[in-house]
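A.B. asks: Got model-v9.pdb for you, PDB, C-alpha atoms:
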ATOM      1  CA  MET H 123      28.090  10.752  11.592
ATOM      2  CA  ARG H 124      25.858  12.749  13.885
ATOM      3  CA  LEU H 125      25.212  16.312  12.795
ATOM      4  CA  VAL H 126      25.603  18.988  15.441
ATOM      5  CA  LYS H 127      23.252  21.882  16.171
ATOM      6  CA  GLN H 128      25.255  24.233  13.952
ATOM      7  CA  ASP H 129      24.931  21.855  10.976
ATOM      8  CA  ILE H 130      21.194  21.686  11.477
ATOM      9  CA  GLN H 131      20.965  25.464  11.643
ATOM     10  CA  ASN H 132      22.967  25.622   8.420
ATOM     11  CA  ILE H 133      20.540  23.236   6.721
ATOM     12  CA  ASP H 134      17.652  25.372   7.951
ATOM     13  CA  ALA H 135      19.277  28.543   6.615
ATOM     14  CA  TYR H 136      20.055  26.811   3.314
ATOM     15  CA  LEU H 137      16.449  25.700   2.815
ATOM     16  CA  GLN H 138      15.204  29.207   3.617
ATOM     17  CA  GLU H 139      17.649  30.639   1.124
ATOM     18  CA  LYS H 140      16.305  28.219  -1.498
ATOM     19  CA  GLY H 141      12.783  29.510  -1.011
ATOM     20  CA  ILE H 142      11.362  27.007   1.473
ATOM     21  CA  LYS H 143      10.183  29.671   3.864
ATOM     22  CA  TYR H 144       7.418  27.936   5.804
ATOM     23  CA  ILE H 145       8.384  26.510   9.202
ATOM     24  CA  ASP H 146       5.743  23.786   9.197
ATOM     25  CA  ILE H 147       7.249  22.146   6.115
ATOM     26  CA  ARG H 148      10.904  23.008   6.758
ATOM     27  CA  TYR H 149      11.266  21.284  10.113
ATOM     28  CA  GLU H 150      10.019  18.008   8.664
ATOM     29  CA  LEU H 151      12.356  18.279   5.682
ATOM     30  CA  ILE H 152      15.277  19.044   7.992
ATOM     31  CA  ASP H 153      14.587  15.920  10.027
ATOM     32  CA  HIS H 154      14.426  13.820   6.860
ATOM     33  CA  LEU H 155      17.607  15.288   5.397
ATOM     34  CA  VAL H 156      19.528  14.919   8.647
ATOM     35  CA  SER H 157      18.321  11.323   9.136
ATOM     36  CA  GLU H 158      19.255  10.483   5.551
ATOM     37  CA  TYR H 159      22.662  12.113   5.827
ATOM     38  CA  GLU H 160      23.448  10.467   9.158
ATOM     39  CA  ALA H 161      22.502   7.047   7.753
ATOM     40  CA  MET H 162      24.982   7.374   4.869
ATOM     41  CA  GLU H 163      28.110   5.271   4.898
ATOM     42  CA  ASN H 164      30.395   7.611   2.979
ATOM     43  CA  TYR H 165      29.476  11.068   4.187
ATOM     44  CA  PRO H 166      29.533  13.506   1.310
ATOM     45  CA  ASP H 167      30.132  17.203   1.782
ATOM     46  CA  LEU H 168      26.955  18.561   3.425
ATOM     47  CA  GLU H 169      26.519  21.348   0.901
ATOM     48  CA  SER H 170      26.751  19.084  -2.131
ATOM     49  CA  PHE H 171      24.323  16.677  -0.435
ATOM     50  CA  LEU H 172      21.850  19.530   0.086
ATOM     51  CA  LEU H 173      22.327  20.766  -3.454
ATOM     52  CA  LYS H 174      21.184  17.373  -4.764
ATOM     53  CA  ARG H 175      18.146  17.333  -2.475
ATOM     54  CA  VAL H 176      16.894  20.889  -2.899
ATOM     55  CA  ALA H 177      14.675  20.109  -5.931
ATOM     56  CA  TRP H 178      13.074  17.284  -3.967
ATOM     57  CA  CYS H 179      12.486  19.625  -0.999
ATOM     58  CA  ARG H 180      10.799  22.181  -3.266
ATOM     59  CA  LYS H 181       8.587  19.473  -4.735
ATOM     60  CA  ILE H 182       7.523  18.316  -1.274
ATOM     61  CA  ALA H 183       6.763  21.913  -0.241
ATOM     62  CA  GLU H 184       4.661  22.436  -3.366
ATOM     63  CA  GLU H 185       2.794  19.161  -2.842
ATOM     64  CA  LYS H 186       2.105  20.105   0.765
ATOM     65  CA  ARG H 187       0.686  23.441  -0.382
ATOM     66  CA  LYS H 188      -1.755  21.589  -2.632
ATOM     67  CA  SER H 189      -2.653  19.082   0.095
ATOM     68  CA  ILE H 190      -3.409  21.887   2.540
ATOM     69  CA  HIS H 191      -5.504  23.806   0.023
ATOM     70  CA  TRP H 192      -7.615  20.814  -1.017
ATOM     71  CA  GLY H 193      -7.737  19.529   2.558
ATOM     72  CA  TYR H 194      -9.286  22.829   3.639
ATOM     73  CA  GLN H 195     -11.813  22.721   0.804
ATOM     74  CA  LYS H 196     -12.748  19.197   1.801
ATOM     75  CA  ALA H 197     -13.083  20.250   5.446
ATOM     76  CA  LEU H 198     -15.516  22.996   4.390
ATOM     77  CA  ARG H 199     -17.561  20.507   2.373
ATOM     78  CA  THR H 200     -17.638  18.084   5.310
ATOM     79  CA  ARG H 201     -18.688  20.916   7.650
ATOM     80  CA  VAL H 202     -21.584  21.901   5.335
ATOM     81  CA  PHE H 203     -22.783  18.291   5.101
ATOM     82  CA  SER H 204     -22.436  17.827   8.849
ATOM     83  CA  PHE H 205     -25.055  20.574   9.362
ATOM     84  CA  PHE H 206     -27.632  18.372   7.688
ATOM     85  CA  LYS H 207     -27.135  15.700  10.350
ATOM     86  CA  GLU H 208     -28.006  18.101  13.193
ATOM     87  CA  PRO H 209     -31.625  18.443  14.378
ATOM     88  CA  PHE H 210     -30.743  22.003  15.489
ATOM     89  CA  PHE H 211     -29.961  22.867  11.864
ATOM     90  CA  TYR H 212     -33.450  21.839  10.750
ATOM     91  CA  ALA H 213     -34.950  23.938  13.537
ATOM     92  CA  CYS H 214     -32.922  26.931  12.259
ATOM     93  CA  ILE H 215     -34.022  26.280   8.667
ATOM     94  CA  PHE H 216     -37.637  26.100   9.811
ATOM     95  CA  LEU H 217     -37.314  29.439  11.621
ATOM     96  CA  TRP H 218     -35.449  30.999   8.673
ATOM     97  CA  ILE H 219     -38.167  29.969   6.176
ATOM     98  CA  GLY H 220     -40.874  31.166   8.575
ATOM     99  CA  LEU H 221     -39.113  34.502   8.903
ATOM    100  CA  LEU H 222     -38.753  34.844   5.133
ATOM    101  CA  PHE H 223     -42.449  34.194   4.556
ATOM    102  CA  LEU H 224     -43.335  36.709   7.241
ATOM    103  CA  ILE H 225     -41.085  39.332   5.650
ATOM    104  CA  PHE H 226     -42.396  38.566   2.181
ATOM    105  CA  ARG H 227     -45.925  39.385   3.315
ATOM    106  CA  ILE H 228     -44.784  42.852   4.369
ATOM    107  CA  VAL H 229     -42.370  43.872   1.581
ATOM    108  CA  ASP H 230     -42.388  43.617  -2.244
ATOM    109  CA  ILE H 231     -40.095  41.329  -4.272
ATOM    110  CA  LYS H 232     -37.429  43.997  -4.794
ATOM    111  CA  GLN H 233     -37.166  44.857  -1.108
ATOM    112  CA  PHE H 234     -37.334  41.150  -0.303
ATOM    113  CA  LYS H 235     -34.366  40.498  -2.590
ATOM    114  CA  TYR H 236     -32.360  43.281  -0.975
ATOM    115  CA  LEU H 237     -33.122  41.930   2.477
ATOM    116  CA  LEU H 238     -31.936  38.481   1.439
ATOM    117  CA  LEU H 239     -28.784  39.863  -0.101
ATOM    118  CA  GLY H 240     -28.296  41.913   3.050
ATOM    119  CA  ALA H 241     -28.150  38.638   5.026
ATOM    120  CA  LEU H 242     -25.477  37.309   2.671
ATOM    121  CA  PHE H 243     -23.439  40.529   2.807
ATOM    122  CA  PHE H 244     -23.726  40.480   6.589
ATOM    123  CA  CYS H 245     -22.092  37.016   6.715
ATOM    124  CA  VAL H 246     -19.253  38.118   4.464
ATOM    125  CA  ALA H 247     -18.862  41.420   6.337
ATOM    126  CA  ILE H 248     -18.432  39.491   9.598
ATOM    127  CA  GLN H 249     -15.589  37.553   7.981
ATOM    128  CA  LEU H 250     -13.939  40.657   6.549
ATOM    129  CA  LEU H 251     -14.334  42.940   9.562
ATOM    130  CA  PHE H 252     -13.704  40.499  12.345
ATOM    131  CA  PHE H 253     -11.897  37.336  11.310
ATOM    132  CA  PHE H 254      -9.499  38.637   8.647
ATOM    133  CA  PRO H 255      -7.888  41.451  10.695
ATOM    134  CA  LYS H 256      -7.742  39.218  13.740
ATOM    135  CA  GLN H 257      -5.814  36.619  11.791
ATOM    136  CA  PHE H 258      -3.567  38.948   9.858
ATOM    137  CA  TYR H 259      -2.442  41.418  12.446
ATOM    138  CA  LYS H 260      -2.583  39.823  15.856
ATOM    139  CA  ARG H 261       0.453  37.607  15.436
ATOM    140  CA  GLY H 262       2.838  38.454  12.641
ATOM    141  CA  GLY H 263       5.079  35.373  12.993
ATOM    142  CA  LYS H 264       2.357  32.953  12.000
ATOM    143  CA  LYS H 265       2.778  34.119   8.413
ATOM    144  CA  ASN H 266       5.684  31.669   8.335
ATOM    145  CA  LEU H 267       3.223  28.820   8.537
ATOM    146  CA  LEU H 268       1.991  27.326   5.306
ATOM    147  CA  SER H 269      -1.104  25.974   7.027
ATOM    148  CA  PHE H 270      -1.935  29.472   8.296
ATOM    149  CA  ASN H 271      -1.368  31.256   5.026
ATOM    150  CA  TYR H 272      -3.803  28.993   3.232
ATOM    151  CA  LEU H 273      -6.448  29.271   5.925
ATOM    152  CA  PHE H 274      -8.245  32.061   4.077
ATOM    153  CA  ASN H 275      -8.671  29.854   1.019
ATOM    154  CA  ILE H 276     -11.572  28.336   2.939
ATOM    155  CA  TYR H 277     -13.470  31.550   2.154
ATOM    156  CA  ALA H 278     -12.895  31.163  -1.597
ATOM    157  CA  ILE H 279     -16.016  29.136  -2.427
ATOM    158  CA  PRO H 280     -18.319  30.996   0.010
ATOM    159  CA  HIS H 281     -17.272  34.301  -1.561
ATOM    160  CA  LEU H 282     -18.038  32.977  -5.033
ATOM    161  CA  PHE H 283     -21.718  33.323  -4.166
ATOM    162  CA  LEU H 284     -21.164  37.078  -3.999
ATOM    163  CA  HIS H 285     -19.273  37.186  -7.285
ATOM    164  CA  PHE H 286     -22.022  35.257  -9.050
ATOM    165  CA  LEU H 287     -24.569  37.932  -8.134
ATOM    166  CA  SER H 288     -23.479  40.131 -11.025
ATOM    167  CA  ILE H 289     -23.895  37.212 -13.453
ATOM    168  CA  ILE H 290     -27.318  36.298 -12.052
ATOM    169  CA  ASN H 291     -28.485  39.882 -12.513
ATOM    170  CA  LEU H 292     -28.025  39.463 -16.282
ATOM    171  CA  PHE H 293     -30.915  36.990 -16.365
ATOM    172  CA  GLY H 294     -34.219  38.809 -15.959
ATOM    173  CA  SER H 295     -36.401  35.748 -15.302
ATOM    174  CA  VAL H 296     -34.185  34.543 -12.474
ATOM    175  CA  ARG H 297     -33.711  38.065 -11.109
ATOM    176  CA  SER H 298     -37.396  38.422 -10.256
ATOM    177  CA  ASN H 299     -37.938  34.897  -8.926
ATOM    178  CA  LYS H 300     -38.337  34.979  -5.152
ATOM    179  CA  TRP H 301     -37.930  31.189  -4.835
ATOM    180  CA  PHE H 302     -34.590  31.364  -6.567
ATOM    181  CA  TRP H 303     -33.384  34.088  -4.202
ATOM    182  CA  ILE H 304     -34.601  32.210  -1.125
ATOM    183  CA  PHE H 305     -32.729  29.100  -2.276
ATOM    184  CA  TYR H 306     -29.590  30.946  -3.422
ATOM    185  CA  VAL H 307     -29.178  33.108  -0.331
ATOM    186  CA  SER H 308     -30.054  30.278   2.069
ATOM    187  CA  ILE H 309     -27.370  28.034   0.559
ATOM    188  CA  SER H 310     -24.819  30.877   0.513
ATOM    189  CA  VAL H 311     -25.498  31.784   4.145
ATOM    190  CA  ILE H 312     -25.113  28.121   5.182
ATOM    191  CA  VAL H 313     -21.801  27.802   3.305
ATOM    192  CA  ASN H 314     -20.522  31.122   4.695
ATOM    193  CA  ILE H 315     -21.410  30.153   8.265
ATOM    194  CA  ALA H 316     -19.698  26.774   7.729
ATOM    195  CA  ALA H 317     -16.604  28.622   6.477
ATOM    196  CA  ILE H 318     -16.492  30.879   9.548
ATOM    197  CA  ILE H 319     -16.724  27.857  11.872
ATOM    198  CA  GLU H 320     -14.118  25.919   9.900
ATOM    199  CA  VAL H 321     -11.656  28.839   9.774
ATOM    200  CA  GLN H 322     -12.004  29.368  13.516
ATOM    201  CA  ASN H 323     -11.432  25.694  14.289
ATOM    202  CA  LYS H 324      -8.470  25.380  11.965
ATOM    203  CA  ARG H 325      -7.035  28.684  13.175
ATOM    204  CA  LYS H 326      -7.081  27.413  16.737
ATOM    205  CA  SER H 327      -5.265  24.182  15.910
ATOM    206  CA  VAL H 328      -2.738  25.924  13.652
ATOM    207  CA  LEU H 329      -1.929  28.473  16.362
ATOM    208  CA  GLU H 330      -1.436  25.689  18.875
ATOM    209  CA  GLN H 331       0.983  24.084  16.446
ATOM    210  CA  TYR H 332       2.700  27.415  15.899
ATOM    211  CA  ASP H 333       3.141  28.125  19.602
ATOM    212  CA  PHE H 334       4.613  24.685  20.023
ATOM    213  CA  LEU H 335       7.011  25.174  17.128
ATOM    214  CA  LYS H 336       7.998  28.632  18.331
ATOM    215  CA  ILE H 337       9.073  27.248  21.693
ATOM    216  CA  TYR H 338      11.220  24.560  20.097
ATOM    217  CA  LEU H 339      12.682  26.689  17.347
ATOM    218  CA  LYS H 340      14.028  29.304  19.765
TER     219      LYS H 340
ATOM    220  CA  MET P 204       8.018  -8.528 -13.808
ATOM    221  CA  GLY P 205      10.848  -6.011 -13.488
ATOM    222  CA  LYS P 206      11.406  -3.570 -10.633
ATOM    223  CA  MET P 207       9.723  -0.709 -12.527
ATOM    224  CA  GLY P 208       6.514  -2.688 -12.969
ATOM    225  CA  ASN P 209       6.439  -3.782  -9.333
ATOM    226  CA  SER P 210       7.081  -0.226  -8.192
ATOM    227  CA  LYS P 211       4.011   1.009 -10.113
ATOM    228  CA  LEU P 212       1.865  -1.666  -8.487
ATOM    229  CA  TYR P 213       3.134  -0.742  -5.015
ATOM    230  CA  LYS P 214       2.638   2.979  -5.567
ATOM    231  CA  GLY P 215      -1.050   2.432  -6.273
ATOM    232  CA  SER P 216      -1.340   1.031  -2.764
ATOM    233  CA  LEU P 217       0.972   3.506  -1.035
ATOM    234  CA  ASN P 218      -1.724   5.108   1.131
ATOM    235  CA  THR P 219      -2.893   1.687   2.290
ATOM    236  CA  ILE P 220       0.697   0.659   3.045
ATOM    237  CA  ILE P 221       1.211   3.817   5.141
ATOM    238  CA  LEU P 222      -2.044   3.335   7.026
ATOM    239  CA  LYS P 223      -1.244  -0.325   7.685
ATOM    240  CA  LEU P 224       2.249   0.521   8.964
ATOM    241  CA  LEU P 225       0.929   3.194  11.305
ATOM    242  CA  ASP P 226      -1.759   0.834  12.499
ATOM    243  CA  GLU P 227       0.927  -1.687  13.429
ATOM    244  CA  GLN P 228       3.575   0.684  14.788
ATOM    245  CA  GLY P 229       1.419   3.297  16.517
ATOM    246  CA  LYS P 230       3.447   6.321  15.437
ATOM    247  CA  MET P 231       6.221   6.793  12.877
ATOM    248  CA  TYR P 232       8.126   9.648  11.260
ATOM    249  CA  GLY P 233       8.663  10.197   7.540
ATOM    250  CA  TYR P 234      12.183   8.853   7.147
ATOM    251  CA  GLU P 235      11.361   5.844   9.323
ATOM    252  CA  ILE P 236       8.403   4.998   7.069
ATOM    253  CA  THR P 237      10.537   5.203   3.924
ATOM    254  CA  GLN P 238      13.088   2.834   5.428
ATOM    255  CA  LYS P 239      10.458   0.440   6.690
ATOM    256  CA  VAL P 240       8.677   0.342   3.328
ATOM    257  CA  LYS P 241      11.989  -0.134   1.547
ATOM    258  CA  ALA P 242      12.831  -3.060   3.835
ATOM    259  CA  LEU P 243       9.399  -4.664   3.552
ATOM    260  CA  THR P 244       9.322  -4.411  -0.244
ATOM    261  CA  LYS P 245      12.960  -5.467  -0.512
ATOM    262  CA  GLY P 246      13.887  -2.154  -2.125
ATOM    263  CA  GLU P 247      11.309  -2.463  -4.922
ATOM    264  CA  LEU P 248       9.363   0.546  -3.700
ATOM    265  CA  GLN P 249      11.728   3.520  -3.590
ATOM    266  CA  ILE P 250       9.357   6.058  -2.084
ATOM    267  CA  THR P 251      11.937   8.460  -0.735
ATOM    268  CA  GLU P 252      11.922  10.433  -3.984
ATOM    269  CA  GLY P 253       8.785  12.407  -3.496
ATOM    270  CA  ALA P 254       5.854  10.025  -3.149
ATOM    271  CA  LEU P 255       5.785   9.428   0.602
ATOM    272  CA  TYR P 256       5.488  12.961   1.986
ATOM    273  CA  PRO P 257       2.738  14.088  -0.393
ATOM    274  CA  ALA P 258       0.843  10.922   0.557
ATOM    275  CA  LEU P 259       1.368  11.611   4.278
ATOM    276  CA  HIS P 260       0.355  15.262   3.917
ATOM    277  CA  LYS P 261      -2.728  14.296   1.955
ATOM    278  CA  LEU P 262      -3.769  11.743   4.565
ATOM    279  CA  GLU P 263      -3.130  14.361   7.267
ATOM    280  CA  ALA P 264      -5.195  16.981   5.409
ATOM    281  CA  GLU P 265      -8.000  14.458   5.016
ATOM    282  CA  GLY P 266      -8.030  13.984   8.784
ATOM    283  CA  LEU P 267      -6.880  10.357   8.651
ATOM    284  CA  LEU P 268      -3.563  11.122  10.334
ATOM    285  CA  ASP P 269      -2.742  13.149  13.387
ATOM    286  CA  VAL P 270       0.695  14.569  14.127
ATOM    287  CA  GLU P 271       2.873  14.781  17.193
ATOM    288  CA  VAL P 272       6.060  16.858  17.246
ATOM    289  CA  ALA P 273       8.991  15.950  19.466
ATOM    290  CA  LYS P 274      12.483  17.309  19.851
ATOM    291  CA  VAL P 275      15.083  14.710  18.865
ATOM    292  CA  ASP P 276      18.851  15.387  18.620
ATOM    293  CA  ASN P 277      18.713  19.172  18.141
ATOM    294  CA  ARG P 278      15.890  19.022  15.630
ATOM    295  CA  LEU P 279      12.140  18.593  15.523
ATOM    296  CA  ARG P 280      10.609  15.333  14.450
ATOM    297  CA  LYS P 281       7.081  14.998  13.156
ATOM    298  CA  TYR P 282       5.425  11.727  14.084
ATOM    299  CA  TYR P 283       2.321  10.547  12.297
ATOM    300  CA  LYS P 284      -0.356   8.444  13.920
ATOM    301  CA  LEU P 285      -3.820   7.296  12.935
ATOM    302  CA  THR P 286      -6.868   9.270  13.962
ATOM    303  CA  GLU P 287     -10.096   7.492  14.773
ATOM    304  CA  ALA P 288     -11.241   8.078  11.187
ATOM    305  CA  GLY P 289      -7.854   6.802  10.021
ATOM    306  CA  GLU P 290      -8.302   3.546  11.931
ATOM    307  CA  LYS P 291     -11.669   2.952  10.275
ATOM    308  CA  GLU P 292     -10.231   3.862   6.885
ATOM    309  CA  THR P 293      -7.355   1.399   7.388
ATOM    310  CA  VAL P 294      -9.795  -1.440   7.966
ATOM    311  CA  ASN P 295     -11.781  -0.464   4.853
ATOM    312  CA  ARG P 296      -8.753  -0.044   2.620
ATOM    313  CA  LEU P 297      -7.187  -3.305   3.745
ATOM    314  CA  ALA P 298     -10.442  -5.103   3.042
ATOM    315  CA  GLU P 299     -10.550  -3.460  -0.405
ATOM    316  CA  LEU P 300      -6.953  -4.397  -1.084
ATOM    317  CA  GLU P 301      -7.516  -7.969   0.037
ATOM    318  CA  GLU P 302     -10.549  -8.184  -2.217
ATOM    319  CA  PHE P 303      -8.532  -6.777  -5.110
ATOM    320  CA  ILE P 304      -5.718  -9.290  -4.552
ATOM    321  CA  ARG P 305      -8.257 -12.106  -4.387
ATOM    322  CA  SER P 306      -9.864 -10.988  -7.656
ATOM    323  CA  MET P 307      -6.518 -10.633  -9.378
ATOM    324  CA  GLN P 308      -5.463 -14.009  -8.075
ATOM    325  CA  ASN P 309      -8.637 -15.593  -9.393
ATOM    326  CA  LEU P 310      -7.779 -14.126 -12.780
ATOM    327  CA  VAL P 311      -4.169 -15.244 -12.945
ATOM    328  CA  ASN P 312      -4.172 -18.390 -10.809
ATOM    329  CA  PRO P 313      -7.600 -19.643  -9.659
ATOM    330  CA  ASN P 314      -6.136 -22.453  -7.522
ATOM    331  CA  TRP P 315      -4.162 -20.141  -5.226
ATOM    332  CA  SER P 316      -5.548 -18.572  -2.017
ATOM    333  CA  ILE P 317      -4.226 -15.719   0.188
ATOM    334  CA  ASN P 318      -5.699 -17.364   3.313
TER     335      ASN P 318
END
If you took the structure in this file and wrote it as structure tokens, what would it be?

C.D. replies:
Amino acid sequence: MRLVKQDIQNIDAYLQEKGIKYIDIRYELIDHLVSEYEAMENYPDLESFLLKRVAWCRKIAEEKRKSIHWGYQKALRTRVFSFFKEPFFYACIFLWIGLLFLIFRIVDIKQFKYLLLGALFFCVAIQLLFFFPKQFYKRGGKKNLLSFNYLFNIYAIPHLFLHFLSIINLFGSVRSNKWFWIFYVSISVIVNIAAIIEVQNKRKSVLEQYDFLKIYLK
Amino acid sequence: MGKMGNSKLYKGSLNTIILKLLDEQGKMYGYEITQKVKALTKGELQITEGALYPALHKLEAEGLLDVEVAKVDNRLRKYYKLTEAGEKETVNRLAELEEFIRSMQNLVNPNWSIN
């Protein structure tokens, strides 16, 4: 038995009612449920069929959430490692170290540390001031996308470098070691830049997917 | 071995099975894959109950699968296909699986060959 448009809309509404709110998981579940139902020999009542499948749908949605989260973390890791394959990256590192040594000749260790931390805060500030508002407020409807909602999780690890600063400050010997700060801030800046690039790339592809879905779901 | 035991063995190779199917078919959608796997394994691998989609989503998140959405009969259908990285991974995983089968076969029946 072929389900009509109204049946499909009912399935969609049912899944939303049961808490599966994200479009990018729902449309795939709908296709599966409809295909499964249409392939049945003795068609059960649609509602009782859906009632039996709702736990499965929730499980799939939850698993997809995890896949997206860990997929994004992996993408960030891959992006960071990909930097090390670029000759341009080594040129930047060379310039960065040269700049740090130049600055260190002019300022004392305390000022040097603040300058380094300033670079790290600058990276995070760019994310907070520019990329977050742009993603949150420009298009409200994209909040219905699971892949969009988890986009900001990419910033989780890069921001940990900021949170660890308070812990590092508890250790006096590390606190006054310029080599430690050069290493720590350099790594954090690299990871934060990688996160910005990765969020922008993913954002673009997710929005393309969203625009496509929006057209079809009208 | 009973169906339960076989099912566990198949599930360990689910990602490889998916990659191999997509390599052969070009593009497939979720329900189609479940039916194909069910037919190929003569019903011993019942993957409709939750294992297939997480595996597909994981492969997609890892960049091994690409998706294509098409409108079919008043609904959207998500087709999966291999990315370039996915094609390479398929070759590697099949080689690994073949090696594993060969090793297992040497253990249980040294006179048998998969070639």

A.B. asks: Any chance you could resolve the PyMOL selection byres ((chain H) within 6 of (chain P)) against this file and give the residues as a compact mmCIF listing (two decimals) with C-alpha atoms, in the frame of the given file?

C.D. replies:
# COMPACT_ATOMS: atom_id res chain seq x y z
CA LYS H 127 23.25 21.88 16.17
CA ASP H 153 14.59 15.92 10.03
CA HIS H 154 14.43 13.82 6.86
CA GLU H 185 2.79 19.16 -2.84
CA SER H 189 -2.65 19.08 0.10
CA ILE H 190 -3.41 21.89 2.54
CA GLY H 193 -7.74 19.53 2.56

A.B. asks: Go ahead and compute the interatomic distance for CA of Thr244 in chain P and CA of Ser157 in chain H, in Å to one decimal.

C.D. replies: 20.4 Å

A.B. asks: Could you please determine the separation between CA of Ala161 in chain H and CA of Leu335 in chain H in Å, to one decimal place?

C.D. replies: 25.6 Å

A.B. asks: Please give the centre and size of the box around range 220-228 of chain P (axis-aligned, containing every atom listed in the file, 8 Å added per side), with values in Å to one decimal and written as AutoDock Vina command-line options.

C.D. replies:
--center_x 0.8 --center_y 1.1 --center_z 8.9 --size_x 21.6 --size_y 21.5 --size_z 27.7

A.B. asks: Could you check the closest approach to Gly220 in chain H for each of H:Ala197, H:Ile304, H:Val156, H:Val313 and tell me which residue wins, using all atoms listed in the file?

C.D. replies: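 Looking at the shortest contact to Gly220 in chain H, the residue is H:Ile304.
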
A.B. asks: Spell out the residues picked by the PyMOL selection byres ((chain P and resi 224) around 12) here, as a PyMOL selection string.

C.D. replies: chain P and resi 217-223+225-233+235-240+243+283-285+289-290+293+297

A.B. asks: Keeping only C-alpha atoms, take the residues you just selected and write them out as an mmCIF file, keeping the file's coordinate frame.

C.D. replies:
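Printed below is result_22.cif as written:
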data_model
loop_
_atom_site.group_PDB
_atom_site.id
_atom_site.type_symbol
_atom_site.label_atom_id
_atom_site.label_comp_id
_atom_site.auth_asym_id
_atom_site.auth_seq_id
_atom_site.Cartn_x
_atom_site.Cartn_y
_atom_site.Cartn_z
ATOM 1 C CA LEU P 217 0.972 3.506 -1.035
ATOM 2 C CA ASN P 218 -1.724 5.108 1.131
ATOM 3 C CA THR P 219 -2.893 1.687 2.290
ATOM 4 C CA ILE P 220 0.697 0.659 3.045
ATOM 5 C CA ILE P 221 1.211 3.817 5.141
ATOM 6 C CA LEU P 222 -2.044 3.335 7.026
ATOM 7 C CA LYS P 223 -1.244 -0.325 7.685
ATOM 8 C CA LEU P 225 0.929 3.194 11.305
ATOM 9 C CA ASP P 226 -1.759 0.834 12.499
ATOM 10 C CA GLU P 227 0.927 -1.687 13.429
ATOM 11 C CA GLN P 228 3.575 0.684 14.788
ATOM 12 C CA GLY P 229 1.419 3.297 16.517
ATOM 13 C CA LYS P 230 3.447 6.321 15.437
ATOM 14 C CA MET P 231 6.221 6.793 12.877
ATOM 15 C CA TYR P 232 8.126 9.648 11.260
ATOM 16 C CA GLY P 233 8.663 10.197 7.540
ATOM 17 C CA GLU P 235 11.361 5.844 9.323
ATOM 18 C CA ILE P 236 8.403 4.998 7.069
ATOM 19 C CA THR P 237 10.537 5.203 3.924
ATOM 20 C CA GLN P 238 13.088 2.834 5.428
ATOM 21 C CA LYS P 239 10.458 0.440 6.690
ATOM 22 C CA VAL P 240 8.677 0.342 3.328
ATOM 23 C CA LEU P 243 9.399 -4.664 3.552
ATOM 24 C CA TYR P 283 2.321 10.547 12.297
ATOM 25 C CA LYS P 284 -0.356 8.444 13.920
ATOM 26 C CA LEU P 285 -3.820 7.296 12.935
ATOM 27 C CA GLY P 289 -7.854 6.802 10.021
ATOM 28 C CA GLU P 290 -8.302 3.546 11.931
ATOM 29 C CA THR P 293 -7.355 1.399 7.388
ATOM 30 C CA LEU P 297 -7.187 -3.305 3.745
#

A.B. asks: Out of H:Arg201, H:Lys181, H:His285, H:Lys140, which residue has the shortest atom-to-atom distance to Val321 in chain H when counting only C-alpha atoms?

C.D. replies: H:Arg201

A.B. asks: Leaving out Thr286 in chain P and any residue of its chain fewer than 5 positions from it, which residues lie within 8 Å of it when counting all atoms listed in the file, given as a list in words?

C.D. replies: Gly266, Leu267, Leu268 and Asp269 of chain P

A.B. asks: For CA of Met307 in chain P and CA of Lys291 in chain P, determine how far apart the two atoms are, in Å to one decimal place.

C.D. replies: 24.4 Å

A.B. asks: I would like the residues chosen by the PyMOL selection byres ((chain H and resi 315) around 10) on the shown file; could you give them as a count of residues only?

C.D. replies: 20
